[in-house]
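Remarks on the structure that follows.
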Amino acid sequence: MPKKKIFISSVQKEFANERKLLFSYLMDDPLLSKFFTPFIFEDYPAAGRKTSSVYIKEVESSDIYMGIFGDEYGYQNKAGISPTEQEYNHAQKLNKECLIFIKRDSTKRQAKEKEFIQKVEQDVIRKTFNNYEELKAAVYKSLILYLDENEFLRTVPFDKAKDNEATIKDIDEDKVKKFIEMSKQNRNFKTGRATSTKDLLKHLDLMDDKGKITNAAILLFGKKPQKFFISSEVKCCQFYGNVVEKPIPSQSIYKGDVFELIDQATSFVMSRVDNWVGTRDHGPTAAVPTRTELPIDAVREAIVNAVCHRDYTSNASVQVMLFKNRLEIWNPGQLPQGLTTQKLYKPHKSKPRNLLIAEPMQRCGYIEKAGTGTGDIVKQCLDLGLKKPIFEQDGDFKVIIWRPDSQNGTQDGKQNDTQGGTQDGTQEKLESTIINSIKANPKISRKGLAQALQTSPRTIARRLKEMTHKVHFVGSGYSGHWEILDENCAS
């Protein structure tokens with residue numbers, strides 16, 4: 001949130017010390033300095049401009065007018081109006097937030113100042129003070145109340161907060177219509193196609209009766225979500241090896257609503273991994289079978305989780321990194337209390353961080369069943385013959401999905417002796433099982449081998465390619481058969 005500018009207005013001579021102390025206090029206070037930037041004319045550089053024009057311009061560029069009134073009315077122009085009253089009048093004309101603080105002792109108050117204060121008291125609520133300490137305390141209370149009333153002090157989850165300054169004009173009506181259609185197709189959503197944007201947002205608890213828009217509404221349907229939440233983008237990179245190093249062959253930073261981010265990031269990954277295309281002898285039908293190197297549903301689920309459940313108060317972005325041996329998906333945030341990485345491998349209670357984002361995503365099919373997404377990622381990878389995915393929580397949350405190239409190596413690309421020995425033994429056993437299956441049925445297809453060995457056709461194809469000195473396929477299609485070239489390799 002951009003800091004709110006406070007224009008401090010008073011007779012400079014009368015409150016010279018208070019103005020400087022208040023300015024320093026607002027600049028240095030650990031809480032208020034996060035939200036406010038004060039302005040006093042004393043710090044304005046001389047630029048040859050008329051003082052009155054500077055006052056007016058600064059009032060216009062400020063969010064809050066803070067008036068401190070005491071005994072003196074101040075210098076008067078030809079119309080008999082002081083700079084302080086001019087500033088106040090202009091702030092009222094522009095509907096600025098006005099915070100007024102009046103010195104309690106009025107025994108020495110000038111007549112014009114009394115008239116001015118009486119006018120102000122008819123417009124706004126004011127607070128009184130006797131000394132600087134009381135003034136500082138009153139200013140603090142007023143600014144905290146301002147933050148609270150405008151929901152800048154977040155006491156609700158990020159997705160439910162309405163501290164974004166967005167309006168209904170920042171919502172894309174075409175995106176809302178598309179959401180209604182997708183929800184009808186995927187979840188039989190009952191809302192009619194003619195439902196207005198306002199009615200849908202209210203129905204989904206994304207807008208209140210005053211027209212204030214939640215952060216979730218912007219991320220779901222905003223025209224430019226990154227205008228309000230710059231770190232809500234997704235960064236995707238591909239690397240040649242197994243570590244982050246240059247050159248980087250491909251990288252993209254995606255912007256848009258959460259649906260667009262998920263689609264774009266998923267496309268980035270799937271367009272850069274291998275797609276296995278078989279022949280008709282791989283299956284019983286005439287259709288040519290195809291299989292992607294990584295299970296698209298697992299990749300998509302991991303990206304959905306990263307975008308939906310991330311911590312949007314963090315300045316970090318979701319990162320998708322495709323290495324030679326693995327895919328890593330990072331999202332800023334922690335697992336919910338009571339949920340561990342080990343529990344993610346089996347069904348668990350769903351605890352979405354951003355419920356107002358998760359529910360619409362579930363309605364249009366981006367999220368399937370509560371608490372089963374990570375289990376599905378594991379199952380889909382194992383079904384494809386890949387190593388079990390890894391879930392890590394170390395500051396940020398990370399999902400690692402292994403590529404087929406990782407089967408013979410560790411994450412950093414260096415062979416681990418123990419793992420290598422295990423892998424070598426596994427590969428030898430796989431070869432032996434393939435040969436025994438071929439001896440039992442020389443006409444067995446690659447798909448049949450995959451089914452018999454409970455692995456993927458891709459794994460079988462890769463292993464057969466490495467076994468050309470041991471086995472050979474003669475002929476083509478259903479009329480062909482396997483021949484064993486080295487009888488000594490049979491067991």
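Order determines the names: the first chain of the structure tokens is A, the second B, and so forth; residues in each chain are numbered 1 upward, and ligands are numbered 1 upward as they are shown.
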Requested in this report: Pick out each residue of stretch 172-254 of chain A that DSSP on the backbone tags as strand (DSSP E or B); I need them as a PyMOL selection string.
Outcome: chain A and resi 207+213+222+234-238+250-254
Requested in this report: Can you list, as a PyMOL selection string, all residues belonging to stretch 34-107 of chain A that DSSP tags as helix (DSSP H, G or I)?
Outcome: chain A and resi 34-35+41-43+51-61+83-93
Using N, CA, C and O atoms, can you write the selected residues to a file as a compact mmCIF listing (two decimals), in the first residue's frame?
# COMPACT_ATOMS: atom_id res chain seq x y z
N LYS A 34 5.22 3.31 8.64
CA LYS A 34 4.92 2.34 7.58
C LYS A 34 3.76 2.80 6.70
O LYS A 34 3.63 2.36 5.55
N PHE A 35 2.92 3.68 7.26
CA PHE A 35 1.69 4.05 6.56
C PHE A 35 1.63 5.52 6.13
O PHE A 35 0.88 5.86 5.22
N PHE A 41 5.77 22.80 5.67
CA PHE A 41 6.28 23.77 4.71
C PHE A 41 7.74 24.12 4.97
O PHE A 41 8.48 24.48 4.05
N GLU A 42 8.19 23.99 6.21
CA GLU A 42 9.57 24.33 6.55
C GLU A 42 10.57 23.49 5.76
O GLU A 42 11.69 23.94 5.50
N ASP A 43 10.18 22.28 5.38
CA ASP A 43 11.10 21.40 4.66
C ASP A 43 10.99 21.54 3.15
O ASP A 43 11.67 20.84 2.41
N THR A 51 3.98 31.39 -2.21
CA THR A 51 3.72 30.52 -1.06
C THR A 51 2.32 29.92 -1.12
O THR A 51 2.12 28.74 -0.86
N SER A 52 1.34 30.74 -1.48
CA SER A 52 -0.05 30.27 -1.51
C SER A 52 -0.24 29.14 -2.51
O SER A 52 -0.97 28.18 -2.24
N SER A 53 0.43 29.22 -3.65
CA SER A 53 0.28 28.17 -4.66
C SER A 53 0.92 26.86 -4.18
O SER A 53 0.43 25.77 -4.47
N VAL A 54 2.02 26.98 -3.44
CA VAL A 54 2.67 25.79 -2.89
C VAL A 54 1.74 25.11 -1.88
O VAL A 54 1.55 23.90 -1.91
N TYR A 55 1.13 25.91 -1.00
CA TYR A 55 0.20 25.36 -0.02
C TYR A 55 -0.90 24.55 -0.71
O TYR A 55 -1.19 23.41 -0.34
N ILE A 56 -1.52 25.18 -1.70
CA ILE A 56 -2.67 24.55 -2.37
C ILE A 56 -2.26 23.26 -3.07
O ILE A 56 -2.95 22.24 -2.98
N LYS A 57 -1.13 23.28 -3.77
CA LYS A 57 -0.66 22.08 -4.48
C LYS A 57 -0.37 20.94 -3.50
O LYS A 57 -0.67 19.77 -3.79
N GLU A 58 0.22 21.27 -2.37
CA GLU A 58 0.54 20.23 -1.39
C GLU A 58 -0.72 19.65 -0.75
O GLU A 58 -0.78 18.45 -0.47
N VAL A 59 -1.71 20.49 -0.53
CA VAL A 59 -2.99 19.99 -0.01
C VAL A 59 -3.61 19.03 -1.02
O VAL A 59 -4.12 17.96 -0.66
N GLU A 60 -3.56 19.40 -2.29
CA GLU A 60 -4.15 18.57 -3.34
C GLU A 60 -3.48 17.20 -3.43
O GLU A 60 -4.13 16.19 -3.70
N SER A 61 -2.16 17.16 -3.22
CA SER A 61 -1.43 15.90 -3.35
C SER A 61 -1.44 15.07 -2.06
O SER A 61 -0.89 13.97 -2.03
N PRO A 83 -3.48 31.65 5.53
CA PRO A 83 -3.08 30.43 4.81
C PRO A 83 -3.67 29.17 5.43
O PRO A 83 -4.08 28.26 4.72
N THR A 84 -3.74 29.09 6.76
CA THR A 84 -4.29 27.91 7.43
C THR A 84 -5.75 27.69 7.05
O THR A 84 -6.16 26.57 6.75
N GLU A 85 -6.54 28.78 7.02
CA GLU A 85 -7.95 28.64 6.65
C GLU A 85 -8.10 28.33 5.17
O GLU A 85 -8.98 27.56 4.78
N GLN A 86 -7.22 28.91 4.34
CA GLN A 86 -7.25 28.59 2.90
C GLN A 86 -6.99 27.10 2.68
O GLN A 86 -7.66 26.44 1.87
N GLU A 87 -6.01 26.59 3.39
CA GLU A 87 -5.66 25.16 3.26
C GLU A 87 -6.82 24.29 3.71
O GLU A 87 -7.17 23.30 3.05
N TYR A 88 -7.45 24.67 4.83
CA TYR A 88 -8.57 23.89 5.33
C TYR A 88 -9.74 23.92 4.34
O TYR A 88 -10.34 22.87 4.05
N ASN A 89 -10.04 25.10 3.83
CA ASN A 89 -11.15 25.24 2.87
C ASN A 89 -10.92 24.37 1.64
O ASN A 89 -11.84 23.72 1.12
N HIS A 90 -9.67 24.37 1.16
CA HIS A 90 -9.37 23.58 -0.04
C HIS A 90 -9.47 22.08 0.25
O HIS A 90 -9.96 21.31 -0.59
N ALA A 91 -9.03 21.67 1.42
CA ALA A 91 -9.13 20.25 1.81
C ALA A 91 -10.58 19.81 1.89
O ALA A 91 -10.94 18.71 1.45
N GLN A 92 -11.43 20.68 2.44
CA GLN A 92 -12.86 20.37 2.52
C GLN A 92 -13.49 20.28 1.13
O GLN A 92 -14.29 19.40 0.85
N LYS A 93 -13.09 21.20 0.26
CA LYS A 93 -13.61 21.21 -1.11
C LYS A 93 -13.26 19.91 -1.84
O LYS A 93 -14.06 19.40 -2.63
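The list of residues with at least one atom within 9 Å of stretch 161-170 of chain A, based on only C-alpha atoms and without residues fewer than 3 positions apart in the same chain, reads Met1, Asn150, Glu151, Phe152, Leu153, Arg154, Thr155, Val156, Pro157, Phe158, Thr197, Lys198, Met207, Gly211, Lys212, Ile213, Thr214, Asn215, Ala216, Ile218, Phe221, Gly222, Lys223, Lys224, Pro225, Phe228 and Phe229 of chain A.
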Requested in this report: Identify, on the basis of only C-alpha atoms, every residue whose closest approach to stretch 458-473 of chain A does not exceed 8 Å; exclude the query and any residue fewer than 6 positions from it along the same chain; express the result as a ChimeraX atom specification.
Outcome: /A:276,291,293,385,404,431,435,446,449-450,480-486,489
Grab the residues selected above and save them as a PDB file, in the first residue's frame with C-alpha atoms.
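Just written: part.pdb:
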ATOM      1  CA  TRP A 276       6.531 -39.679 -26.061  1.00  0.00           C
ATOM      2  CA  ARG A 291       2.551 -39.737 -23.153  1.00  0.00           C
ATOM      3  CA  GLU A 293       7.459 -36.938 -19.779  1.00  0.00           C
ATOM      4  CA  GLY A 385       7.448 -44.569 -13.301  1.00  0.00           C
ATOM      5  CA  PRO A 404      13.120 -39.474 -15.936  1.00  0.00           C
ATOM      6  CA  GLU A 431      16.588 -55.764 -17.825  1.00  0.00           C
ATOM      7  CA  ILE A 435      14.257 -60.489 -21.193  1.00  0.00           C
ATOM      8  CA  ARG A 446       6.143 -52.286 -25.314  1.00  0.00           C
ATOM      9  CA  LEU A 449       5.997 -54.937 -21.127  1.00  0.00           C
ATOM     10  CA  ALA A 450       5.129 -51.752 -19.260  1.00  0.00           C
ATOM     11  CA  GLY A 480       6.780 -58.619 -35.655  1.00  0.00           C
ATOM     12  CA  HIS A 481       8.509 -60.318 -32.757  1.00  0.00           C
ATOM     13  CA  TRP A 482      11.425 -59.966 -30.377  1.00  0.00           C
ATOM     14  CA  GLU A 483      14.688 -61.886 -30.707  1.00  0.00           C
ATOM     15  CA  ILE A 484      17.227 -62.333 -27.908  1.00  0.00           C
ATOM     16  CA  LEU A 485      20.748 -61.712 -29.245  1.00  0.00           C
ATOM     17  CA  ASP A 486      22.667 -62.730 -26.141  1.00  0.00           C
ATOM     18  CA  CYS A 489      21.840 -62.562 -20.419  1.00  0.00           C
TER      19      CYS A 489
END
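Distances to A:Arg187 were evaluated for A:Arg363, A:Lys447, A:Arg403, A:His348 using only C-alpha atoms, and the minimum falls at A:Arg363.
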Report task. Would you kindly return, as a PyMOL selection string, each protein, DNA or RNA residue with an atom no farther than 9 Å from any atom of A:Phe323, considering only C-alpha atoms and excluding same-chain residues fewer than 6 positions away? Result -> chain A and resi 237-244+403
Mind writing the picked residues with C-alpha atoms as a CSV table (one decimal), in the first residue's frame?
chain,number,residue,atom,x,y,z
A,237,CYS,CA,13.0,-20.5,-15.7
A,238,GLN,CA,14.5,-23.4,-17.6
A,239,PHE,CA,18.1,-24.5,-16.9
A,240,TYR,CA,20.5,-26.7,-19.0
A,241,GLY,CA,21.8,-28.5,-15.9
A,242,ASN,CA,20.8,-29.4,-12.4
A,243,VAL,CA,21.8,-26.1,-10.7
A,244,VAL,CA,20.8,-22.5,-11.1
A,403,ARG,CA,12.1,-36.1,-14.4
Requested in this report: Mind checking which residues fall within 10 Å of A:Cys381, counting only C-alpha atoms, ignoring those fewer than 2 positions away in the same chain, and posting them as JSON, numbers by chain?
Outcome: {"A": [293, 294, 295, 296, 297, 298, 299, 376, 377, 378, 379, 383, 384, 385, 386, 387, 388, 389, 401, 402, 403]}
Report task. Enter the distance from atom CA of A:Ser33 to atom CA of A:Ala217, in Å, rounded to one decimal. Result ->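 These atoms are spaced 28.3 Å apart.
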Report task. Pick out the residues sitting within 12 Å of A:Lys13, and hand them over as a list of chain:residue names; count only C-alpha atoms, and ignore anything fewer than 5 positions along from it in its own chain. Result ->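 Near neighbours after the sequence-gap exclusion: A:Glu18, A:Arg19, A:Lys20, A:Phe41, A:Glu42, A:Phe69, A:Gly70, A:Asp71, A:Glu72, A:Tyr73, A:Gly74, A:Tyr75.
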Can I get the selected residues back with N, CA, C and O atoms, as an mmCIF file, in the first residue's frame?
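The new file part.cif reads:
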data_model
loop_
_atom_site.group_PDB
_atom_site.id
_atom_site.type_symbol
_atom_site.label_atom_id
_atom_site.label_comp_id
_atom_site.auth_asym_id
_atom_site.auth_seq_id
_atom_site.Cartn_x
_atom_site.Cartn_y
_atom_site.Cartn_z
ATOM 1 N N GLU A 18 6.247 22.338 17.948
ATOM 2 C CA GLU A 18 5.341 21.193 17.839
ATOM 3 C C GLU A 18 5.354 20.590 16.432
ATOM 4 O O GLU A 18 5.295 19.362 16.281
ATOM 5 N N ARG A 19 5.434 21.438 15.420
ATOM 6 C CA ARG A 19 5.441 20.966 14.034
ATOM 7 C C ARG A 19 6.668 20.086 13.769
ATOM 8 O O ARG A 19 6.564 19.015 13.175
ATOM 9 N N LYS A 20 7.828 20.571 14.218
ATOM 10 C CA LYS A 20 9.063 19.808 13.990
ATOM 11 C C LYS A 20 9.056 18.493 14.766
ATOM 12 O O LYS A 20 9.458 17.440 14.242
ATOM 13 N N PHE A 41 5.765 22.798 5.669
ATOM 14 C CA PHE A 41 6.281 23.771 4.707
ATOM 15 C C PHE A 41 7.742 24.123 4.969
ATOM 16 O O PHE A 41 8.477 24.477 4.046
ATOM 17 N N GLU A 42 8.188 23.992 6.214
ATOM 18 C CA GLU A 42 9.567 24.326 6.549
ATOM 19 C C GLU A 42 10.571 23.490 5.757
ATOM 20 O O GLU A 42 11.688 23.937 5.496
ATOM 21 N N PHE A 69 -4.733 24.129 15.634
ATOM 22 C CA PHE A 69 -5.200 25.492 15.829
ATOM 23 C C PHE A 69 -5.006 25.916 17.289
ATOM 24 O O PHE A 69 -5.230 25.135 18.206
ATOM 25 N N GLY A 70 -4.605 27.210 17.467
ATOM 26 C CA GLY A 70 -4.364 27.711 18.810
ATOM 27 C C GLY A 70 -4.891 29.115 19.014
ATOM 28 O O GLY A 70 -6.083 29.376 18.786
ATOM 29 N N ASP A 71 -3.997 30.057 19.349
ATOM 30 C CA ASP A 71 -4.405 31.426 19.645
ATOM 31 C C ASP A 71 -4.378 32.328 18.417
ATOM 32 O O ASP A 71 -5.262 33.178 18.237
ATOM 33 N N GLU A 72 -3.374 32.169 17.598
ATOM 34 C CA GLU A 72 -3.148 33.102 16.493
ATOM 35 C C GLU A 72 -3.843 32.650 15.214
ATOM 36 O O GLU A 72 -3.863 31.452 14.897
ATOM 37 N N TYR A 73 -4.403 33.640 14.503
ATOM 38 C CA TYR A 73 -5.073 33.356 13.230
ATOM 39 C C TYR A 73 -4.057 33.351 12.098
ATOM 40 O O TYR A 73 -4.186 32.575 11.147
ATOM 41 N N GLY A 74 -3.049 34.204 12.178
ATOM 42 C CA GLY A 74 -2.006 34.235 11.162
ATOM 43 C C GLY A 74 -2.195 35.341 10.145
ATOM 44 O O GLY A 74 -3.173 36.108 10.153
ATOM 45 N N TYR A 75 -1.220 35.430 9.235
ATOM 46 C CA TYR A 75 -1.236 36.430 8.169
ATOM 47 C C TYR A 75 -2.505 36.293 7.332
ATOM 48 O O TYR A 75 -2.948 35.185 7.029
#
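Among A:Gln334, A:Ser183, A:Thr313, A:Asn354, the residue with the shortest atom-to-atom distance to A:Gly395, counting only C-alpha atoms, is A:Gln334.
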Query raised in the report: So how far away is atom CA of A:Lys351 from atom CA of A:Gly192, in Å?
Result: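 Taking atom CA of A:Gly192 as the start and atom CA of A:Lys351 as the end point, the length is 29.7 Å.
Across A:Glu392, A:Asp105, A:Asp148, A:Glu233, the tightest approach to A:Gln342 is made by A:Glu392 when counting only C-alpha atoms.
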